[in-house]
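Enquirer: Just passing along the structure, written as structure tokens.
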Amino acid sequence: MPEWAQSIMTSSITWAVLAGVMAYMLTLVGIPVYTWWERRGAALIQRRPGPNRRGPYGLVQAIADAVKLAVKEDVVPAGANKWMHAIAPMIVMTVALTTFAVIPWSGDIELFGKTVRLQVADLNFGIIFILAISSMAVYGVTLAGWSSNNKYSMLGGLRAGAQMVSYEIALGLAVVGMVLVYGTLKLNLMVAGQEGSLFQWGLFQAPLAFLIYMVATYAETNRVPFDLVEADSEIVAGFHTEYSSLRFGLFYMGEYVHMAVSAVLTVILFFGGYHVPWAHTLFGTTPYATLFPWVMAALAALCLALAWDTSRPKRRALTQGNMIFAAILVAVAGGALLLATLYGLFYDVAWFAALCSMVTQVAVLVVKFLFFFWLFIWVRWTVPRFRYDQLMKLGWKVMLPLALFNIGLTSVLVLAGWL
Amino acid sequence: MGEAILFWFFGGLTCVLALLVIVMRNPVHSAMALIGNLFCIAALFAMLDAHFLAAIQVLVYAGAILVLFLFVIMLLNLKDHELGNARQTATKIAGAILLCWVAFKLIFRVMPSTTAGFPAVGDDYGTVETVGRFLFGPHLLPFEVASILLLAAILGSVAIAKKKLW
């Protein structure tokens, strides 16, 4: 390995950029897939096919939706406050993307005597950074509602503001409970604290905090059952009634980015982050490197199964696109198998094994993330919406006292040495 | 060099946004400028190694208090004629000249005498641990007094909002 390649690989800038790319892959690149997933998930739960015509499994529908949104006319209503109307969607999107800066995507790995990690910024107040930045999101929706000069928008914006401020308190207090459990504010140390057995996970350490956190998260992302902000039977579409084209698109994407942040944060706080339970006892001293070929084999198997399914005679009648999709899947499967073979040949090269373990950890995190993303969709199409007074009662009279009780309980348990 | 560029960028932006807060006619624009201003001050805190203070600045001021400001302003929803006519009076000009004089004094007289001879701070200067140790150690009494003040404010707001308490 030449000197310059080593210096690139051990530079913290390289890994910060890669972590940023990772965040963009999961959000901006992922959004078309998530919208498709949301619609197919809804269809699955309501026992109908959903968008399944364009492309394999209807995946191209997502691109068609995006193009439709982008080429629509951008309407600014008469009497709207033009500046604020333009800034509001930008605030929502910027805030949601910025929170990814402190997410640790992998643990520490050793490369040529230096320790690197896939994380943009390792702040000593990591979790407070996320709370602080996401508390700015309320301005986006409130300003959007006010600047549209429409009473339904205004009502939606005020509802959004009241709801997000109310549930932010419960969310923050639940996070305080987790800070007590792990004894740190750094996200990477929080994940490191969940290494080992399954019962080291935050979920088992503080189940009450998890319950509060999950409910507050759904309220913060304005998803069902807390979507009173855009309750279409009462206030048309809430704060984004007067938005069209890509400005509406920014709100729409902002919601998905916010969901992605929440899902990743849930995994990091409560579900062991990139850790596999009992990894060290089951897979030896370097468990994640050992797991690498199996992860690659699983990926290859998944790709081959999908490729077989799309090229079945029944489907082949539809389009040639299916065959191209299948070819890409087979290529990905081949690449994964090649990597697994390479690991088999060069597992004693330290830097290669370290990189492999990093890829495994990222894969573990992404799989857990996808589950919690699916949970958002699952809940959306299963649970009915709250009434507004029920929402406020739940937030202030149930969640807040419960969160305070949780902090007291956790403190006692930590002092007694049981956690 | 990089730090100097960031300082002049955020410092300049702070001043511009602070000016906008008082110059803008629409109160909502003023409030938004104030939020931006607080954000820039947080950035300046972060550059002075006061990381925790920077985060709390954004969380409490920009994230919580200004939301209430904005709510009140939006619900009042003042129209242009309700704000009154724009006035260019002699007092304003006199005030501006006085402000320039004070700013000049601050920058060229007071600042050089205070910035000399500050000791360099350690690596853990503004971290949560250090701030926590100071708050719950030597400064425990002021901290608790401040929290009692906040409690009194909460009780006061409840008493005002609820007509009948029991």
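Each chain of the structure tokens is named A, B, ... in the order shown, its residues numbered from 1; ligands are numbered from 1 in display order.
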Could you name the residues that touch stretch 38-51 of chain B at 7 Å or less, counting only C-alpha atoms, but leaving out those on the same chain fewer than 4 positions away, as a compact mmCIF listing (two decimals) with N, CA, C and O atoms, in the first residue's frame?
Expert:
```txt
# COMPACT_ATOMS: atom_id res chain seq x y z
N PHE B 7 -14.73 33.64 11.73
CA PHE B 7 -15.10 34.66 12.71
C PHE B 7 -15.69 35.88 12.01
O PHE B 7 -16.75 36.38 12.39
N PHE B 10 -19.24 34.98 10.55
CA PHE B 10 -20.34 34.90 11.52
C PHE B 10 -20.51 36.22 12.27
O PHE B 10 -21.64 36.63 12.57
N LEU B 13 -22.28 38.58 9.95
CA LEU B 13 -23.67 38.16 9.79
C LEU B 13 -24.48 38.50 11.05
O LEU B 13 -25.63 38.95 10.96
N THR B 14 -23.85 38.33 12.22
CA THR B 14 -24.52 38.68 13.48
C THR B 14 -24.93 40.14 13.47
O THR B 14 -26.08 40.49 13.79
N LEU B 34 -33.91 37.72 14.12
CA LEU B 34 -33.42 37.47 15.48
C LEU B 34 -33.00 36.01 15.65
O LEU B 34 -31.97 35.71 16.28
N ALA B 55 -24.70 24.96 21.98
CA ALA B 55 -25.83 24.05 21.78
C ALA B 55 -27.04 24.52 22.57
O ALA B 55 -28.17 24.52 22.07
N GLN B 57 -27.65 27.54 23.54
CA GLN B 57 -28.14 28.78 22.93
C GLN B 57 -29.16 28.47 21.84
O GLN B 57 -30.24 29.05 21.78
N VAL B 58 -28.80 27.52 20.97
CA VAL B 58 -29.73 27.15 19.88
C VAL B 58 -30.97 26.48 20.45
O VAL B 58 -32.09 26.80 20.07
N ALA B 62 -33.10 29.96 20.31
CA ALA B 62 -33.61 29.86 18.94
C ALA B 62 -34.72 28.83 18.84
O ALA B 62 -35.67 29.00 18.09
N TYR B 125 -12.37 22.88 27.95
CA TYR B 125 -12.87 24.12 28.52
C TYR B 125 -14.39 24.21 28.48
O TYR B 125 -15.02 24.40 29.51
N GLY B 126 -14.98 24.09 27.30
CA GLY B 126 -16.41 24.34 27.19
C GLY B 126 -17.26 23.09 27.13
O GLY B 126 -18.42 23.14 26.75
N THR B 127 -16.69 21.94 27.49
CA THR B 127 -17.45 20.70 27.35
C THR B 127 -18.52 20.59 28.42
O THR B 127 -18.53 21.33 29.41
```
Enquirer: Hey, could you make a per-residue contact list for chain A against chain B with 8 Å as the cut-off, showing the nearest pair of atoms and its distance in Å to one decimal, counting only C-alpha atoms, sorted by chain and number, as a tab-separated table?
Expert:
```
residue	atom	partner	partner_atom	distance
A:Asn124	CA	B:Thr127	CA	6.6
A:Phe125	CA	B:Phe52	CA	6.7
A:Ile128	CA	B:Ala55	CA	6.7
A:Phe129	CA	B:Ala55	CA	6.0
A:Leu131	CA	B:Leu59	CA	7.1
A:Ala132	CA	B:Leu59	CA	4.2
A:Ile133	CA	B:Leu59	CA	7.3
A:Ser135	CA	B:Gly63	CA	5.0
A:Met136	CA	B:Gly63	CA	5.3
A:Val138	CA	B:Val67	CA	7.8
A:Tyr139	CA	B:Val67	CA	7.2
A:Trp146	CA	B:Met74	CA	6.9
A:Leu158	CA	B:Phe71	CA	7.7
A:Gly161	CA	B:Val67	CA	7.9
A:Val165	CA	B:Ala64	CA	7.6
```
Enquirer: Rounded to one decimal place, report the atom CA of A:Glu110-atom CA of A:Ile268 distance in Å.
Expert: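 The value is 21.8 Å.
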Enquirer: Just how far from atom CA of A:Tyr167 is atom CA of A:Met392, in Å to one decimal?
Expert: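 Taking atom CA of A:Met392 and atom CA of A:Tyr167, their separation equals 9.1 Å.
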Enquirer: Env of stretch 256-265 of chain A: 10 Å cut, atoms = only C-alpha atoms, seq-sep filter 6 positions within chain, self excluded. Answer as a ChimeraX atom specification.
Expert: /A:23-24,26-28,30-32,34-35,92-100,103-105,127,130,134,137,187,213-214,217-218,220-223,250,271,273,365-366,368-376
Enquirer: Mind listing the helix (DSSP H, G or I) residues of stretch 58-159 of chain A, per DSSP on the backbone, as an NGL selection string?
Expert: :A and (58 or 60-70 or 82-102 or 126-134 or 137-147 or 151-159)
